[in-house]
>>> print(open('model_21.cif').read())   # mmCIF, C-alpha atoms and all ligand atoms
data_input
#
loop_
_atom_site.label_atom_id
_atom_site.label_comp_id
_atom_site.auth_asym_id
_atom_site.auth_seq_id
_atom_site.Cartn_x
_atom_site.Cartn_y
_atom_site.Cartn_z
CA MET A 1 -38.67 -13.22 9.94
CA GLU A 2 -36.60 -11.30 12.46
CA ILE A 3 -37.92 -11.08 16.01
CA ILE A 4 -36.43 -8.26 18.02
CA ILE A 5 -37.10 -8.13 21.74
CA LEU A 6 -36.58 -4.67 23.20
CA ALA A 7 -36.71 -3.63 26.83
CA THR A 8 -39.56 -1.12 26.72
CA PRO A 9 -42.35 0.22 24.47
CA ALA A 10 -40.22 3.38 24.03
CA ASP A 11 -37.43 1.23 22.54
CA VAL A 12 -39.95 -0.38 20.19
CA ALA A 13 -41.13 3.09 19.10
CA ARG A 14 -37.58 4.37 18.51
CA THR A 15 -36.56 1.30 16.51
CA ALA A 16 -39.71 1.46 14.36
CA ALA A 17 -39.13 5.19 13.80
CA ASP A 18 -35.56 4.41 12.71
CA VAL A 19 -36.85 2.03 10.03
CA ILE A 20 -39.34 4.60 8.78
CA GLU A 21 -36.79 7.42 8.85
CA GLN A 22 -34.35 5.32 6.86
CA GLN A 23 -37.05 4.60 4.27
CA VAL A 24 -38.27 8.19 3.81
CA ARG A 25 -34.69 9.46 3.54
CA LEU A 26 -34.21 7.24 0.48
CA GLY A 27 -36.55 9.52 -1.53
CA PRO A 28 -40.14 9.07 -2.74
CA SER A 29 -41.64 6.40 -0.49
CA VAL A 30 -44.93 4.74 0.28
CA LEU A 31 -45.78 3.91 3.88
CA GLY A 32 -48.60 1.72 5.14
CA LEU A 33 -49.97 3.11 8.39
CA ALA A 34 -51.82 1.36 11.19
CA THR A 35 -54.00 3.08 13.77
CA GLY A 36 -54.78 2.04 17.34
CA SER A 37 -52.64 2.45 20.46
CA THR A 38 -49.54 0.47 19.53
CA PRO A 39 -47.99 2.78 16.89
CA LEU A 40 -48.63 5.97 18.90
CA GLY A 41 -45.11 6.03 20.37
CA THR A 42 -43.63 5.60 16.89
CA TYR A 43 -45.73 8.46 15.54
CA ARG A 44 -44.74 10.70 18.48
CA GLU A 45 -41.09 9.86 17.81
CA LEU A 46 -41.42 10.72 14.11
CA ILE A 47 -43.18 14.00 14.91
CA GLU A 48 -40.35 14.86 17.29
CA ARG A 49 -37.74 14.10 14.62
CA HIS A 50 -39.68 16.27 12.16
CA ARG A 51 -39.61 19.14 14.68
CA LYS A 52 -36.02 18.62 15.79
CA TYR A 53 -34.23 18.19 12.49
CA ARG A 54 -36.91 18.56 9.83
CA LEU A 55 -37.26 14.87 9.01
CA SER A 56 -39.54 15.36 6.03
CA PHE A 57 -42.48 13.40 4.64
CA ASN A 58 -43.07 15.67 1.67
CA GLN A 59 -42.01 12.95 -0.74
CA THR A 60 -43.96 10.25 1.07
CA GLN A 61 -47.39 8.84 0.39
CA ALA A 62 -49.30 6.89 3.00
CA PHE A 63 -52.09 4.32 2.85
CA LEU A 64 -54.19 3.40 5.87
CA LEU A 65 -54.77 -0.25 6.61
CA ASP A 66 -58.45 -0.05 7.39
CA GLU A 67 -61.51 2.06 8.16
CA TYR A 68 -64.79 1.69 10.02
CA VAL A 69 -67.90 1.33 7.89
CA GLY A 70 -70.54 3.95 8.61
CA LEU A 71 -68.32 6.64 10.14
CA PRO A 72 -68.03 9.78 8.05
CA THR A 73 -64.46 10.91 7.37
CA ALA A 74 -64.93 13.84 9.76
CA HIS A 75 -66.02 11.61 12.69
CA PRO A 76 -63.31 11.85 15.39
CA GLN A 77 -62.95 8.03 15.47
CA SER A 78 -62.78 7.51 11.72
CA TYR A 79 -59.26 6.37 10.92
CA HIS A 80 -58.96 9.34 8.56
CA SER A 81 -59.36 11.63 11.58
CA VAL A 82 -57.34 9.46 13.95
CA ILE A 83 -54.25 9.27 11.74
CA ARG A 84 -54.36 13.04 11.14
CA ALA A 85 -54.62 13.70 14.88
CA ASP A 86 -51.98 11.12 15.84
CA PHE A 87 -49.42 11.64 13.10
CA THR A 88 -49.93 12.96 9.60
CA GLY A 89 -51.41 16.33 10.63
CA SER A 90 -48.28 17.13 12.64
CA VAL A 91 -45.68 16.55 9.91
CA ASP A 92 -45.34 17.73 6.32
CA PHE A 93 -47.18 15.22 4.15
CA ARG A 94 -48.37 16.98 1.00
CA PRO A 95 -52.13 17.52 0.67
CA GLY A 96 -53.71 14.45 -0.92
CA SER A 97 -50.82 12.12 -0.13
CA VAL A 98 -52.46 10.32 2.82
CA HIS A 99 -55.00 7.84 1.52
CA GLY A 100 -57.73 6.00 3.37
CA LEU A 101 -60.75 3.92 2.60
CA ASN A 102 -64.14 5.62 2.52
CA GLY A 103 -66.26 3.95 5.17
CA MET A 104 -69.36 5.70 3.83
CA ALA A 105 -68.98 4.35 0.29
CA GLY A 106 -72.29 3.07 -1.05
CA ASP A 107 -70.51 0.34 -3.01
CA ALA A 108 -67.92 -1.28 -0.76
CA GLU A 109 -66.69 -3.59 -3.50
CA ALA A 110 -65.99 -0.73 -5.87
CA GLU A 111 -64.36 1.31 -3.08
CA THR A 112 -62.02 -1.49 -2.03
CA ALA A 113 -61.10 -2.40 -5.61
CA GLU A 114 -60.31 1.25 -6.31
CA TYR A 115 -58.15 1.43 -3.18
CA GLU A 116 -56.12 -1.55 -4.34
CA GLY A 117 -55.68 0.30 -7.64
CA HIS A 118 -54.37 3.40 -5.84
CA ILE A 119 -51.81 1.34 -3.92
CA ALA A 120 -50.64 -0.31 -7.12
CA ALA A 121 -50.47 3.03 -8.95
CA ALA A 122 -48.28 4.42 -6.16
CA GLY A 123 -45.85 1.55 -6.80
CA GLY A 124 -46.84 -0.59 -3.81
CA ILE A 125 -46.03 -0.11 -0.14
CA ASP A 126 -42.39 0.08 0.95
CA VAL A 127 -42.86 -0.28 4.72
CA GLN A 128 -46.12 -1.45 6.27
CA LEU A 129 -46.58 -0.74 9.98
CA LEU A 130 -48.79 -3.29 11.69
CA GLY A 131 -50.30 -3.88 15.11
CA ILE A 132 -51.81 -7.17 16.18
CA GLY A 133 -55.18 -7.87 17.78
CA ALA A 134 -55.47 -10.02 20.89
CA ASP A 135 -57.29 -12.50 18.63
CA GLY A 136 -54.41 -12.46 16.15
CA HIS A 137 -56.00 -10.10 13.64
CA LEU A 138 -53.82 -8.18 11.25
CA GLY A 139 -55.41 -5.06 9.79
CA PHE A 140 -58.99 -6.05 10.52
CA ASN A 141 -58.58 -9.51 9.09
CA GLU A 142 -60.28 -11.44 11.82
CA PRO A 143 -59.73 -15.18 12.39
CA MET A 144 -60.50 -17.37 9.37
CA SER A 145 -59.63 -14.60 6.90
CA SER A 146 -58.05 -16.04 3.78
CA MET A 147 -54.28 -15.75 3.58
CA SER A 148 -54.83 -14.45 0.02
CA SER A 149 -57.65 -12.04 0.83
CA ARG A 150 -57.79 -8.63 -0.84
CA THR A 151 -59.16 -5.34 0.49
CA ARG A 152 -62.81 -5.89 1.36
CA ILE A 153 -65.54 -5.51 3.97
CA LYS A 154 -65.24 -7.57 7.16
CA THR A 155 -67.29 -8.02 10.33
CA LEU A 156 -65.47 -7.31 13.59
CA THR A 157 -65.49 -9.98 16.28
CA ARG A 158 -67.11 -9.21 19.63
CA GLN A 159 -63.65 -9.20 21.21
CA THR A 160 -62.29 -6.59 18.79
CA ARG A 161 -65.35 -4.37 19.30
CA GLN A 162 -64.88 -4.73 23.05
CA ASP A 163 -61.14 -3.97 22.75
CA ASN A 164 -61.87 -0.83 20.70
CA ALA A 165 -64.75 0.34 22.91
CA ARG A 166 -62.23 2.51 24.80
CA PHE A 167 -62.26 4.93 21.86
CA PHE A 168 -66.06 5.27 21.89
CA THR A 169 -68.68 6.21 24.50
CA HIS A 170 -70.14 2.71 24.53
CA VAL A 171 -69.28 -0.66 22.99
CA ASP A 172 -72.52 -0.46 20.98
CA ASP A 173 -71.10 2.62 19.25
CA VAL A 174 -68.20 0.59 17.77
CA PRO A 175 -69.16 -0.17 14.17
CA ASN A 176 -69.80 -3.81 13.30
CA HIS A 177 -68.12 -3.60 9.93
CA VAL A 178 -64.85 -2.34 8.53
CA LEU A 179 -63.06 -2.06 5.22
CA THR A 180 -59.62 -3.59 5.53
CA GLN A 181 -56.66 -4.40 3.37
CA GLY A 182 -56.62 -8.18 2.95
CA LEU A 183 -53.85 -10.49 4.08
CA GLY A 184 -52.87 -10.97 0.45
CA THR A 185 -52.71 -7.17 0.03
CA ILE A 186 -50.65 -6.69 3.18
CA ARG A 187 -48.26 -9.42 2.10
CA GLU A 188 -47.43 -7.45 -1.05
CA ALA A 189 -45.78 -4.66 0.95
CA ARG A 190 -42.01 -4.93 0.65
CA HIS A 191 -41.22 -4.77 4.37
CA LEU A 192 -43.66 -5.63 7.14
CA LEU A 193 -43.01 -4.09 10.54
CA LEU A 194 -45.17 -5.62 13.27
CA LEU A 195 -45.18 -3.84 16.62
CA ALA A 196 -46.56 -5.36 19.82
CA THR A 197 -46.23 -4.18 23.39
CA GLY A 198 -47.74 -5.32 26.66
CA ARG A 199 -48.66 -8.67 28.19
CA ALA A 200 -52.13 -8.66 26.58
CA LYS A 201 -50.51 -9.29 23.17
CA ALA A 202 -48.14 -12.08 24.28
CA GLU A 203 -50.30 -15.07 23.26
CA ALA A 204 -51.19 -13.54 19.90
CA VAL A 205 -47.53 -12.77 19.17
CA ALA A 206 -46.46 -16.31 20.06
CA ALA A 207 -49.20 -17.83 17.90
CA ALA A 208 -48.35 -15.55 14.97
CA VAL A 209 -44.62 -16.10 15.08
CA GLU A 210 -44.13 -19.62 16.42
CA GLY A 211 -47.48 -21.28 15.77
CA PRO A 212 -48.61 -22.91 12.54
CA VAL A 213 -49.60 -20.79 9.56
CA ALA A 214 -53.33 -20.99 10.05
CA ALA A 215 -56.38 -18.90 9.23
CA SER A 216 -57.32 -19.11 12.91
CA CYS A 217 -54.38 -16.74 13.55
CA PRO A 218 -54.40 -14.24 10.67
CA ALA A 219 -51.09 -12.69 11.78
CA SER A 220 -49.40 -16.02 11.08
CA ALA A 221 -49.54 -14.80 7.45
CA LEU A 222 -46.34 -12.95 8.37
CA GLN A 223 -44.52 -16.27 8.14
CA LEU A 224 -45.23 -16.33 4.40
CA HIS A 225 -43.44 -13.02 3.78
CA PRO A 226 -39.73 -12.73 2.95
CA HIS A 227 -39.03 -9.51 4.90
CA VAL A 228 -40.70 -9.15 8.28
CA SER A 229 -39.41 -7.40 11.41
CA VAL A 230 -41.34 -8.11 14.60
CA LEU A 231 -40.55 -5.52 17.29
CA VAL A 232 -41.81 -6.52 20.72
CA ASP A 233 -41.19 -5.40 24.27
CA GLU A 234 -40.36 -7.92 27.02
CA ALA A 235 -44.00 -8.26 28.07
CA ALA A 236 -45.28 -9.01 24.55
CA ALA A 237 -42.37 -11.45 24.08
CA SER A 238 -43.06 -13.30 27.32
CA GLN A 239 -44.82 -16.30 25.71
CA LEU A 240 -42.26 -16.88 22.97
CA ALA A 241 -40.56 -20.26 23.35
CA HIS A 242 -37.36 -19.17 21.58
CA ARG A 243 -36.89 -15.71 23.06
CA GLU A 244 -33.32 -16.38 24.18
CA TYR A 245 -32.39 -17.33 20.65
CA TYR A 246 -33.98 -14.16 19.23
CA SER A 247 -32.19 -11.92 21.75
CA ASP A 248 -28.89 -13.67 21.21
CA THR A 249 -29.17 -13.35 17.43
CA TYR A 250 -30.13 -9.67 17.60
CA GLY A 251 -27.29 -9.00 20.05
CA ARG A 252 -24.78 -10.40 17.53
CA LYS A 253 -26.36 -8.82 14.46
CA PRO A 254 -23.75 -7.22 12.19
CA ALA A 255 -24.04 -3.42 12.42
CA TRP A 256 -24.12 -3.02 8.62
CA GLN A 257 -27.13 -5.29 8.20
CA GLY A 258 -30.02 -3.01 9.26
CA LEU A 259 -33.59 -4.24 9.55
C1 LIG B 1 -55.56 -0.69 13.16
C2 LIG B 1 -55.47 -2.11 12.88
C3 LIG B 1 -55.54 -3.13 13.95
C4 LIG B 1 -54.71 -2.76 15.19
C5 LIG B 1 -54.90 -3.83 16.25
C6 LIG B 1 -54.14 -3.51 17.52
O1 LIG B 1 -55.43 0.08 11.99
O2 LIG B 1 -55.39 -2.47 11.74
O3 LIG B 1 -55.08 -4.36 13.45
O4 LIG B 1 -53.37 -2.65 14.84
O5 LIG B 1 -56.27 -3.95 16.56
O6 LIG B 1 -54.69 -2.37 18.10
P1 LIG B 1 -53.98 -1.64 19.32
O7 LIG B 1 -52.68 -1.15 18.82
O8 LIG B 1 -54.90 -0.51 19.68
O9 LIG B 1 -53.84 -2.66 20.39
#
>>> encode(input="model_21.cif", output="structure tokens")
Amino acid sequence: MEIIILATPADVARTAADVIEQQVRLGPSVLGLATGSTPLGTYRELIERHRKYRLSFNQTQAFLLDEYVGLPTAHPQSYHSVIRADFTGSVDFRPGSVHGLNGMAGDAEAETAEYEGHIAAAGGIDVQLLGIGADGHLGFNEPMSSMSSRTRIKTLTRQTRQDNARFFTHVDDVPNHVLTQGLGTIREARHLLLLATGRAKAEAVAAAVEGPVAASCPASALQLHPHVSVLVDEAAASQLAHREYYSDTYGRKPAWQGL
């Protein structure tokens, strides 16, 4: 795991966009996309690069991490709508190449199994963007999720519903249930890119990166993966015990190495 401490959220966004640009320039690629506030800067950066020098996503497929149960696709807070508004609708993904879970599916088990099949058929995910919840969730794998879990239905914690209430009129409007890629599913992506900014994420980042691998902190599953880049700003890094070591190592990283 490589922990990269950057000065500002804008630096985190630029560095994450660099990783994604490098991947999509290789040719046909599969991205895993997160929603929420954290990746917004990265998406804005990618949209700008698309406008400036035609960085293209027309050979890229994308899979969303999760979706609210009970929100129709057209609902403005469904992750289908959110990702289109925040990113995919402003670049040149081909029609049908951005995939999400159907939160209105009558049979959640069939829907989630089928989604896993679509990811596998696309060849798996090359780069998976991730945010982290203040309670350490990854995707919507809340505490005590199995490290080997697959895509399935989960119940959101009170804290996550409260945290996400800002996107809804009232906290009671935040759905109780979600469909989410499992920790085992996420761990199959070839490169995991966790982004965290702001002081509110500092404890969760420290637990995920330096704490024990434990179901009580689902993001500690990152420690089981061979290729993880954790991009954090100073505030999100503030509770890391070894931050000097991480900064020193990154400062002396050979230029050829990449992330
Ligand atoms: C969203 C997702 C969540 C968020 C996390 C952080 O698709 O899977 O794990 O990444 O809740 O959300 P923000 O970035 O809004 O703080």
>>> closest_residue(input="model_21.cif", among="A:Gln239, A:Thr249, A:Val232, A:Thr180", to="Ala7 of chain A", atoms="all atoms listed in the file")
A:Val232
>>> residues_around(input="model_21.cif", residues="Arg243 of chain A", least_positions_apart="4", cutoff="12 Å", atoms="all atoms listed in the file", output="PyMOL selection string")
chain A and resi 2-6+202+205-206+209-210+232-239+247-250
>>> write_last_selection(input="model_21.cif", atoms="C-alpha atoms", output="PDB file, in the frame of the given file")
ATOM      1  CA  GLU A   2     -36.600 -11.300  12.460  1.00  0.00           C
ATOM      2  CA  ILE A   3     -37.920 -11.080  16.010  1.00  0.00           C
ATOM      3  CA  ILE A   4     -36.430  -8.260  18.020  1.00  0.00           C
ATOM      4  CA  ILE A   5     -37.100  -8.130  21.740  1.00  0.00           C
ATOM      5  CA  LEU A   6     -36.580  -4.670  23.200  1.00  0.00           C
ATOM      6  CA  ALA A 202     -48.140 -12.080  24.280  1.00  0.00           C
ATOM      7  CA  VAL A 205     -47.530 -12.770  19.170  1.00  0.00           C
ATOM      8  CA  ALA A 206     -46.460 -16.310  20.060  1.00  0.00           C
ATOM      9  CA  VAL A 209     -44.620 -16.100  15.080  1.00  0.00           C
ATOM     10  CA  GLU A 210     -44.130 -19.620  16.420  1.00  0.00           C
ATOM     11  CA  VAL A 232     -41.810  -6.520  20.720  1.00  0.00           C
ATOM     12  CA  ASP A 233     -41.190  -5.400  24.270  1.00  0.00           C
ATOM     13  CA  GLU A 234     -40.360  -7.920  27.020  1.00  0.00           C
ATOM     14  CA  ALA A 235     -44.000  -8.260  28.070  1.00  0.00           C
ATOM     15  CA  ALA A 236     -45.280  -9.010  24.550  1.00  0.00           C
ATOM     16  CA  ALA A 237     -42.370 -11.450  24.080  1.00  0.00           C
ATOM     17  CA  SER A 238     -43.060 -13.300  27.320  1.00  0.00           C
ATOM     18  CA  GLN A 239     -44.820 -16.300  25.710  1.00  0.00           C
ATOM     19  CA  SER A 247     -32.190 -11.920  21.750  1.00  0.00           C
ATOM     20  CA  ASP A 248     -28.890 -13.670  21.210  1.00  0.00           C
ATOM     21  CA  THR A 249     -29.170 -13.350  17.430  1.00  0.00           C
ATOM     22  CA  TYR A 250     -30.130  -9.670  17.600  1.00  0.00           C
TER      23      TYR A 250
END
>>> atom_distance(input="model_21.cif", atom1="atom CA of Thr185 of chain A", atom2="atom CA of Ala62 of chain A")
14.8 Å
>>> residues_near_ligand(input="model_21.cif", ligand="ligand LIG 1 (chain B)", cutoff="7 Å", atoms="all atoms listed in the file", output="list of chain:residue names")
A:Ala34, A:Thr35, A:Gly36, A:Ser37, A:Thr38, A:Pro39, A:Leu65, A:Asp66, A:Leu130, A:Gly131, A:Ile132, A:Gly133, A:His137, A:Leu138, A:Gly139, A:Phe140, A:Thr160
>>> write_last_selection(input="model_21.cif", atoms="C-alpha atoms", output="compact mmCIF listing (two decimals), in the frame of the given file")
# COMPACT_ATOMS: atom_id res chain seq x y z
CA ALA A 34 -51.82 1.36 11.19
CA THR A 35 -54.00 3.08 13.77
CA GLY A 36 -54.78 2.04 17.34
CA SER A 37 -52.64 2.45 20.46
CA THR A 38 -49.54 0.47 19.53
CA PRO A 39 -47.99 2.78 16.89
CA LEU A 65 -54.77 -0.25 6.61
CA ASP A 66 -58.45 -0.05 7.39
CA LEU A 130 -48.79 -3.29 11.69
CA GLY A 131 -50.30 -3.88 15.11
CA ILE A 132 -51.81 -7.17 16.18
CA GLY A 133 -55.18 -7.87 17.78
CA HIS A 137 -56.00 -10.10 13.64
CA LEU A 138 -53.82 -8.18 11.25
CA GLY A 139 -55.41 -5.06 9.79
CA PHE A 140 -58.99 -6.05 10.52
CA THR A 160 -62.29 -6.59 18.79
>>> closest_residue(input="model_21.cif", among="A:Cys217, A:Ile83, A:Ala120, A:Val69", to="Leu156 of chain A", atoms="all atoms listed in the file")
A:Val69
>>> atom_distance(input="model_21.cif", atom1="atom CA of Ser146 of chain A", atom2="atom CA of Thr112 of chain A")
16.2 Å
>>> closest_residue(input="model_21.cif", among="A:Met147, A:Val228, A:Leu55, A:Ala74", to="Ala214 of chain A", atoms="all atoms listed in the file")
A:Met147
>>> closest_residue(input="model_21.cif", among="A:Val174, A:Ala108, A:Leu240, A:Ala200", to="Lys154 of chain A", atoms="all atoms listed in the file")
A:Ala108
